[in-house]
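Below: one structure, written as structure tokens.
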Amino acid sequence: MERYEPLKIEQKWQQIWEKTSPFKAKEAPGTPKVMLAEMFPYPSGAGLHVGHVRNFTIVDVLARFHAQQGLNVLRPFGYDTFGLPAENYAIKTGTAPQKVTKINIDNFRKQAKRLGFAIDWSREINTSDPEYYRWTQWCFLQLYKKGLAYQKESYQWWCPVDQTVLANEQVENGKCWRCGHEVEKKKMKQWFFKITEYADELLDEIDHLEWPDKIKTMQKNWIGRSVGAEIDFAVESGAPHITVFTTRPDTIYGATFLVVAPEYGQLESLLTDDTREKVLAYKAAALKKSEIERQENKEKTGVFTGSYAINPATKAKIPIWVADYVLAGYGTGAIMAVPAMDDRDHEFAEKFDLPIVETELCDRDKFGTLKTTYRMRDWLISRQRYWGCPIPIAYDSEGNPHPIPEDQLPVLIPEVDDYQPDNTGRSALAKATDWLKVNIYNEAIGQVEEMTRETDTLDGYACSSWYLWRYASPHDNTAAWSQEAIKYWEPVDYYCGADHAVAHLLYIRFWCKFFADEGYLPFREPIKRLLYNGYINAPDGKKMSKSKGNVIDPLDVINDGYGADTLRTYEMFIGPYDQDAAWDTRSVGGVYRFLNRCWTLCFATPVSDTDHTVTTRHRTIKKVTEDIHRYNFNTAVAALMEYVNELYKVGAITEDLIVLAKLLKPFAPHLASEMLEKLSSDDEWPKWEDQYLTSDTAEIIIQVNGKLRSKITIDASNLADEEKVVAIALADDKIKKYTEPGIKKTIFVPKAKILNIVV
RNA sequence: GCCCGAGUGGCGGAAUUGGUAUACGCGUUCGACUUAAAAUCGAAUGGUGAAAACCAUAUGGGUUCAAGUCCCAUCUCGGGCACCA
């Protein structure tokens, strides 16, 4: 070979890795281990994009780095395959989602292999594989058994385009997270997971996580714990009392009216013949308002119910109003209004001419009971969709739910011809009439009964709430995860992603705590360290999108001749991993030149017979090692570039080339492997020795009044002798002219090798 | 509105504990090689200035021998939350 030909080198090593499976995790309990994973991708038809490459390469650099340091590494891979794109495609074309998914997975796998990721391919998982979702259903049943999966009729977000309900976490600014259409409220009976049961622990343990502050703050805000009190207000007419929630029970003397939400359950009991019509019209209008309207128009509206409550502190008779600035789902759906203290109540009082009185404070628990509430709601998990994990439930003739026995799992997704949901709000599963019927033992009547299956499927986030544990024993057909394997490999040491701050990352913590309580997991937090990487934008700084035509295809970059090593190294060099970055094709060329220089040094340059670079070499080892530990991948690459520039100038001995190849391997594994082969070296991560980090001479920076005036080089042995250094510095020609008026003071900092003369 | 971040050359960015501001890369300019170009190699590159020097890390103050880094105020951008009582 006469020049650097990345495509040849990469093909060669990818074939070798395919044959020898060097990234297969070892079954070696007791040895030090590292488990890493990226947030597994949804395999779209478009294949890998540059964002995947950044995400996967971060994990790959850490995986290879730890493997080279002798740790037993598990770096698995999987596919999050249930979801709307495949189903919508099926509705449009009639192609089974199973079929499309398989094609897309095959393509993703092929592309991932072309990037040289150190993946243990024997552990691939796929959430729509019956062998996988069988255990998702098992997880559901465990939650169901403990009452943490339950049905409730309530107002829910409904996307009229995707024809399904959505979790709160899937509504973004009042719009569907998938299609962007405005969501509506619809009263429906739905399945929920009781995540609120773990609200306190989910909140309190956030502070102990090695996660980015940004994510921790978002989760804290999402859970939104408020400590306050519930206070009962008697209703004058004798109607049931109204319980309000307040964080300021001490301001009760200033409460001059009550407000209940339009959806308030006991609203009817508060109405009088005079007010009924007006209030019900207001309620109907409020329910019809979309979330967007409610957010945009914050002008207070409301109507008087006709009833009065008694303020337990002042004994005053105060009016009860209904207004949509009070939310039904938070607290008790009713508040005491203290217009003198609260801006919203004040605005409402001004508008409707209600009394505003100054309040004296009292003890917080004088009139009510202390109570904590949360902003977070239970997780709505049923979806009226075909392409999801079927909920393992059937209904008897009375409509009561019964779990499908565990030995009848998986509940397979039936084949249908038409994937369109029907017009009753049920998924296409309802069209599989044979599948719908199932015989189950009904304890209530003491016999087997033909029941009707649930036609809702699980939110895709349920499938991804346990996959990290499946990686420990992906082929176990006796359990969702093996106790032994999970004990050794997990929790996950490094988890890398760029999305799902309050959805997936909260749900998986919730399941972890639940399964720890059930004795299935020996830890309560699933992820030790979270790396939240930034996006890669188009060269113009805007988001890449097909419609804008500014998408960079990573496979094009490789096939253009740059190769996977350049692509990987470029994406690590592009900037701090946690910040967004704009693609710059010319900078890709710069990284290619760097790798080309590495190749030239190793394959087309005579080896030097003098070791000029022992200090640089050890400093580079230290810098790259520490930078990877700190996730400063960009400066680690820069340090390697500096090293190569130095070797170009003064010549490299074999040791230099070996060190270079070893340090380069996490970033550019194909080229590094080729170099190590030529050099007959293993890839063991090199160690630096402190004795080589310092040289015999030291450069001293001399400042006068804080300004740089001169640099002198002295014998390093003099550094400890302050008087001597000062004397040498004062004798320096450039310094003499500043010091004529006399010296007030000198400050010498040996560690910084800096001397400041104040005159 | 509230809570976080961030602001450094022509550009992406570096400066890890308050200690040489601008590492590394891109771009640009010049040179070598070449019939020529590409590739490659070498040199220069914050601004003003002939030079000495002076001025530069969003803006204005402050602390310090010394500030991109710490403190106060202001501006701009990004993110999160947003009628959560």
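By convention here, the chains of the structure tokens are called A, B, ... in the order presented, each chain's residues are numbered starting at 1, and ligands are numbered starting at 1 in the order presented.
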
Original post:
Please, which residues of chain B lie no more than 7 Å from chain A when the count uses only C-alpha atoms (C1' of nucleotides), and can they be set out as a ChimeraX atom specification?
Top reply: /B:13,19-20,24-26,65-66,80-81,83-85

Selection export as a CSV table (one decimal), in the first residue's frame, atoms kept: N, CA, C and O atoms (P, O5', C5', C4', C3', O3' and C1' of nucleotides):
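part29.csv written:
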chain,number,residue,atom,x,y,z
B,13,G,P,-18.7,26.1,18.7
B,13,G,O5',-17.6,25.2,19.2
B,13,G,C5',-16.8,25.5,20.4
B,13,G,C4',-15.5,24.9,20.3
B,13,G,C3',-14.5,25.1,21.4
B,13,G,O3',-14.6,24.0,22.3
B,13,G,C1',-13.5,25.9,19.5
B,19,G,P,-5.6,30.0,37.0
B,19,G,O5',-4.3,30.8,36.5
B,19,G,C5',-4.4,32.0,35.8
B,19,G,C4',-3.0,32.5,35.4
B,19,G,C3',-2.0,31.4,35.0
B,19,G,O3',-1.1,31.9,34.1
B,19,G,C1',-1.2,32.4,37.0
B,20,U,P,-1.5,31.9,32.5
B,20,U,O5',-0.2,32.4,31.9
B,20,U,C5',0.2,33.8,32.1
B,20,U,C4',0.8,34.3,30.9
B,20,U,C3',-0.1,34.2,29.6
B,20,U,O3',0.2,35.4,28.8
B,20,U,C1',1.9,33.0,29.2
B,24,C,P,-1.5,24.5,17.9
B,24,C,O5',-2.7,23.5,17.6
B,24,C,C5',-2.6,22.1,18.0
B,24,C,C4',-4.0,21.4,17.7
B,24,C,C3',-4.5,21.7,16.3
B,24,C,O3',-3.9,20.9,15.3
B,24,C,C1',-6.2,22.1,17.8
B,25,G,P,-3.6,21.5,13.8
B,25,G,O5',-5.1,21.6,13.3
B,25,G,C5',-5.8,20.4,13.0
B,25,G,C4',-7.2,20.7,12.7
B,25,G,C3',-7.5,21.7,11.5
B,25,G,O3',-7.3,21.1,10.3
B,25,G,C1',-8.8,22.3,13.3
B,26,C,P,-6.8,21.9,9.0
B,26,C,O5',-8.1,22.8,8.7
B,26,C,C5',-9.3,22.1,8.3
B,26,C,C4',-10.5,23.2,8.2
B,26,C,C3',-10.2,24.3,7.2
B,26,C,O3',-10.5,23.9,5.9
B,26,C,C1',-11.0,25.2,9.3
B,65,C,P,-3.1,42.8,46.3
B,65,C,O5',-2.3,42.7,45.0
B,65,C,C5',-1.4,43.7,44.6
B,65,C,C4',-0.5,43.2,43.4
B,65,C,C3',-1.3,42.7,42.3
B,65,C,O3',-1.8,43.7,41.4
B,65,C,C1',0.5,41.2,42.8
B,66,A,P,-3.2,43.6,40.8
B,66,A,O5',-3.2,42.3,39.9
B,66,A,C5',-2.4,42.3,38.7
B,66,A,C4',-2.4,41.0,38.1
B,66,A,C3',-3.8,40.4,37.8
B,66,A,O3',-4.3,40.9,36.6
B,66,A,C1',-2.4,38.8,38.8
B,80,G,P,-36.5,23.4,25.6
B,80,G,O5',-36.8,23.3,27.1
B,80,G,C5',-36.3,22.2,27.9
B,80,G,C4',-36.5,22.5,29.3
B,80,G,C3',-37.9,22.8,29.8
B,80,G,O3',-38.7,21.7,29.9
B,80,G,C1',-36.4,24.3,30.8
B,81,C,P,-40.2,21.8,29.5
B,81,C,O5',-40.8,22.7,30.8
B,81,C,C5',-40.8,22.1,32.1
B,81,C,C4',-41.2,23.2,33.1
B,81,C,C3',-42.6,23.8,32.8
B,81,C,O3',-43.7,23.0,33.1
B,81,C,C1',-41.0,25.5,33.4
B,83,C,P,-49.7,27.3,32.8
B,83,C,O5',-50.3,28.2,34.0
B,83,C,C5',-49.5,29.1,34.7
B,83,C,C4',-50.2,29.6,35.9
B,83,C,C3',-50.9,28.6,36.8
B,83,C,O3',-50.9,29.0,38.1
B,83,C,C1',-52.5,30.0,35.8
B,84,C,P,-49.5,28.8,38.9
B,84,C,O5',-49.6,27.2,39.3
B,84,C,C5',-50.5,26.8,40.3
B,84,C,C4',-50.1,25.5,40.8
B,84,C,C3',-48.6,25.4,41.0
B,84,C,O3',-48.3,24.6,42.2
B,84,C,C1',-49.3,23.7,39.5
B,85,A,P,-47.8,25.1,43.4
B,85,A,O5',-48.7,26.3,43.9
B,85,A,C5',-49.4,26.1,45.0
B,85,A,C4',-50.4,27.2,45.2
B,85,A,C3',-51.5,26.9,46.2
B,85,A,O3',-51.2,27.3,47.5
B,85,A,C1',-52.5,27.5,44.2

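The neighbours of A67 in chain B here are the residues that come within 12 Å of it, using only C-alpha atoms (C1' of nucleotides) and leaving out any residue fewer than 3 positions away in the same chain; they are A:Gly706, B:G18, B:G19, B:A21, B:U57, B:G62, B:U63, B:U64, B:C70, B:C71.
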
Create the file for the chosen residues now, containing N, CA and C atoms (P, O5', C5', C4', C3', O3' and C1' of nucleotides) and written as a short mmCIF file (atom, residue, chain, number, x, y, z; two decimals), in the first residue's frame.
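Once everything was written out, this is result12.cif:
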data_model
loop_
_atom_site.label_atom_id
_atom_site.label_comp_id
_atom_site.auth_asym_id
_atom_site.auth_seq_id
_atom_site.Cartn_x
_atom_site.Cartn_y
_atom_site.Cartn_z
N GLY A 706 1.87 42.80 36.38
CA GLY A 706 0.86 41.92 35.81
C GLY A 706 0.90 41.80 34.31
P G B 18 -9.90 28.48 40.89
"O5'" G B 18 -9.14 29.37 39.83
"C5'" G B 18 -9.69 30.56 39.32
"C4'" G B 18 -8.56 31.29 38.63
"C3'" G B 18 -7.16 30.76 38.95
"O3'" G B 18 -6.30 31.15 37.90
"C1'" G B 18 -7.36 32.93 39.74
P G B 19 -5.61 30.04 36.97
"O5'" G B 19 -4.27 30.78 36.51
"C5'" G B 19 -4.36 31.99 35.78
"C4'" G B 19 -2.98 32.47 35.45
"C3'" G B 19 -2.02 31.37 35.02
"O3'" G B 19 -1.14 31.92 34.06
"C1'" G B 19 -1.18 32.44 36.95
P A B 21 -0.87 36.54 28.86
"O5'" A B 21 -2.20 35.87 28.32
"C5'" A B 21 -2.27 35.50 26.96
"C4'" A B 21 -3.29 34.41 26.81
"C3'" A B 21 -3.45 33.94 25.38
"O3'" A B 21 -2.53 32.91 25.10
"C1'" A B 21 -5.58 34.42 26.32
P U B 57 -11.63 42.17 26.53
"O5'" U B 57 -11.91 40.69 26.05
"C5'" U B 57 -12.73 40.48 24.91
"C4'" U B 57 -13.32 39.09 24.97
"C3'" U B 57 -14.17 38.85 26.21
"O3'" U B 57 -15.29 38.06 25.83
"C1'" U B 57 -12.45 37.24 26.10
P G B 62 -13.77 50.51 39.20
"O5'" G B 62 -13.92 49.31 40.24
"C5'" G B 62 -14.62 49.55 41.46
"C4'" G B 62 -14.93 48.25 42.14
"C3'" G B 62 -13.74 47.44 42.62
"O3'" G B 62 -13.15 47.97 43.79
"C1'" G B 62 -15.35 46.00 41.65
P U B 63 -11.59 47.79 44.05
"O5'" U B 63 -11.53 46.26 44.47
"C5'" U B 63 -12.14 45.81 45.68
"C4'" U B 63 -11.94 44.32 45.82
"C3'" U B 63 -10.50 43.85 45.72
"O3'" U B 63 -9.79 44.01 46.94
"C1'" U B 63 -11.88 42.46 44.39
P U B 64 -8.32 44.63 46.90
"O5'" U B 64 -7.50 43.49 46.17
"C5'" U B 64 -7.32 42.22 46.79
"C4'" U B 64 -6.60 41.29 45.84
"C3'" U B 64 -5.29 41.83 45.28
"O3'" U B 64 -4.22 41.65 46.20
"C1'" U B 64 -6.58 40.86 43.54
P C B 70 -16.19 32.29 37.37
"O5'" C B 70 -15.85 33.09 38.71
"C5'" C B 70 -15.49 32.40 39.90
"C4'" C B 70 -15.40 33.38 41.04
"C3'" C B 70 -16.49 34.45 41.07
"O3'" C B 70 -17.68 33.97 41.65
"C1'" C B 70 -14.38 35.47 41.41
P C B 71 -19.08 34.58 41.22
"O5'" C B 71 -19.07 35.99 41.94
"C5'" C B 71 -19.12 36.09 43.37
"C4'" C B 71 -19.21 37.54 43.75
"C3'" C B 71 -20.30 38.33 43.04
"O3'" C B 71 -21.56 38.16 43.66
"C1'" C B 71 -18.28 39.55 42.95
#

**OP:** Using DSSP on the backbone, list every residue of range 450-694 of chain A that comes out as alpha helix (DSSP H), and give them as JSON, numbers by chain.
**Re:** {"A": [460, 461, 462, 463, 467, 468, 469, 470, 483, 484, 485, 486, 487, 488, 489, 504, 505, 506, 507, 508, 509, 510, 511, 512, 513, 514, 515, 516, 517, 554, 555, 556, 557, 563, 564, 565, 566, 567, 568, 569, 570, 571, 572, 573, 585, 586, 587, 588, 589, 590, 591, 592, 593, 594, 595, 596, 597, 598, 599, 600, 601, 602, 603, 614, 615, 616, 617, 618, 619, 620, 621, 622, 623, 624, 625, 626, 627, 628, 629, 633, 634, 635, 636, 637, 638, 639, 640, 641, 642, 643, 644, 645, 646, 647, 648, 649, 650, 654, 655, 656, 657, 658, 659, 660, 661, 662, 663, 664, 669, 670, 671, 672, 673, 674, 675, 676, 677, 678]}

Original post:
Hey, can you check how far CA of Ala199 in chain A sits from CA of Phe510 in chain A?
Top reply: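 Rounded to one decimal, the two atoms are 8.7 Å apart.
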
Original post:
CA of Trp481 in chain A to CA of Pro390 in chain A: how many Å, to one decimal?
Top reply: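 Distance reported for this atom pair: 20.3 Å.
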
**OP:** Give me the residues within 9 Å of range 272-275 of chain A as a list in words, counting only C-alpha atoms (C1' of nucleotides) and dropping any in the same chain fewer than 4 places off.
**Re:** Glu268, Val279, Leu280, Val303, Phe304, Thr305, Gly306 and Ser307 of chain A

Original post:
Contacts of C77 in chain B at 12 Å or less, counting only C-alpha atoms (C1' of nucleotides), minus same-chain residues fewer than 4 places along, as a ChimeraX atom specification?
Top reply: /B:5-7,58

**OP:** Can you pull out every residue within 12 Å of Glu740 in chain A, counting only C-alpha atoms (C1' of nucleotides), but drop anything in the same chain fewer than 6 positions away, and send it as a list of chain:residue names?
**Re:** A:Leu730, A:Ala731, A:Asp733, A:Lys734, A:Ile757, A:Val758, A:Val759

Selection file, N, CA, C and O atoms, as an mmCIF file, in the first residue's frame:
data_model
loop_
_atom_site.group_PDB
_atom_site.id
_atom_site.type_symbol
_atom_site.label_atom_id
_atom_site.label_comp_id
_atom_site.auth_asym_id
_atom_site.auth_seq_id
_atom_site.Cartn_x
_atom_site.Cartn_y
_atom_site.Cartn_z
ATOM 1 N N LEU A 730 15.648 39.507 37.559
ATOM 2 C CA LEU A 730 15.967 40.936 37.637
ATOM 3 C C LEU A 730 17.161 41.284 36.757
ATOM 4 O O LEU A 730 17.309 42.425 36.316
ATOM 5 N N ALA A 731 18.006 40.307 36.483
ATOM 6 C CA ALA A 731 19.186 40.544 35.656
ATOM 7 C C ALA A 731 18.857 40.519 34.162
ATOM 8 O O ALA A 731 19.672 40.898 33.322
ATOM 9 N N ASP A 733 17.743 41.474 30.586
ATOM 10 C CA ASP A 733 17.838 42.773 29.904
ATOM 11 C C ASP A 733 16.488 43.469 29.749
ATOM 12 O O ASP A 733 16.364 44.669 29.948
ATOM 13 N N LYS A 734 15.491 42.681 29.360
ATOM 14 C CA LYS A 734 14.178 43.287 29.091
ATOM 15 C C LYS A 734 13.523 43.788 30.372
ATOM 16 O O LYS A 734 12.619 44.628 30.331
ATOM 17 N N ILE A 757 6.610 41.141 39.089
ATOM 18 C CA ILE A 757 7.352 42.198 39.778
ATOM 19 C C ILE A 757 6.465 43.435 39.829
ATOM 20 O O ILE A 757 5.950 43.885 38.808
ATOM 21 N N VAL A 758 6.247 43.953 41.029
ATOM 22 C CA VAL A 758 5.409 45.146 41.173
ATOM 23 C C VAL A 758 6.309 46.326 41.484
ATOM 24 O O VAL A 758 7.080 46.294 42.446
ATOM 25 N N VAL A 759 6.238 47.340 40.624
ATOM 26 C CA VAL A 759 7.110 48.501 40.855
ATOM 27 C C VAL A 759 6.260 49.744 41.110
ATOM 28 O O VAL A 759 5.076 49.764 40.797
#

Would you list the contacts of range 111-113 of chain A as a compact mmCIF listing (two decimals) with N, CA and C atoms, in the first residue's frame, taking every protein, DNA or RNA residue within 8 Å and counting only C-alpha atoms (C1' of nucleotides), but skipping same-chain residues closer than 3 positions in sequence?
# COMPACT_ATOMS: atom_id res chain seq x y z
N GLN A 14 -13.11 -4.92 9.37
CA GLN A 14 -14.50 -5.30 9.66
C GLN A 14 -14.72 -6.78 9.39
N GLY A 47 -32.26 5.01 7.60
CA GLY A 47 -30.95 4.52 8.02
C GLY A 47 -30.30 5.45 9.03
N LEU A 48 -29.04 5.16 9.34
CA LEU A 48 -28.32 5.96 10.34
C LEU A 48 -28.17 7.40 9.87
N ASN A 107 -30.80 -3.09 7.67
CA ASN A 107 -30.06 -1.95 7.15
C ASN A 107 -29.27 -1.25 8.24
N PHE A 108 -29.90 -1.06 9.40
CA PHE A 108 -29.21 -0.41 10.51
C PHE A 108 -27.98 -1.21 10.94
N GLY A 116 -17.69 0.37 12.35
CA GLY A 116 -16.66 -0.26 13.18
C GLY A 116 -16.94 -0.20 14.67
N PHE A 117 -18.20 -0.18 15.06
CA PHE A 117 -18.50 -0.12 16.48
C PHE A 117 -18.17 -1.45 17.16
N LEU A 555 -23.25 7.60 5.56
CA LEU A 555 -22.73 6.60 4.62
C LEU A 555 -22.13 7.26 3.39

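Coordinates place CA of Ile536 in chain A at a distance of 12.8 Å from CA of Leu567 in chain A.
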
Original post:
DSSP says strand (DSSP E) for which residues of range 500-580 of chain A? Put them as a PyMOL selection string?
Top reply: chain A and resi 527-532+536-537

**OP:** Compare A:Val235, A:Ala309, A:Leu595, A:Ala503 by their minimum atom-to-atom distance to Ile223 in chain A, counting only C-alpha atoms, and give me the closest one.
**Re:**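 Counting only C-alpha atoms, the residue closest to Ile223 in chain A is A:Ala503.
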
Subject >> Pick from A:Lys12, A:Lys33, A:Lys189, A:Arg3, whichever lies nearest to Asp493 in chain A using only C-alpha atoms >> reply: A:Lys33
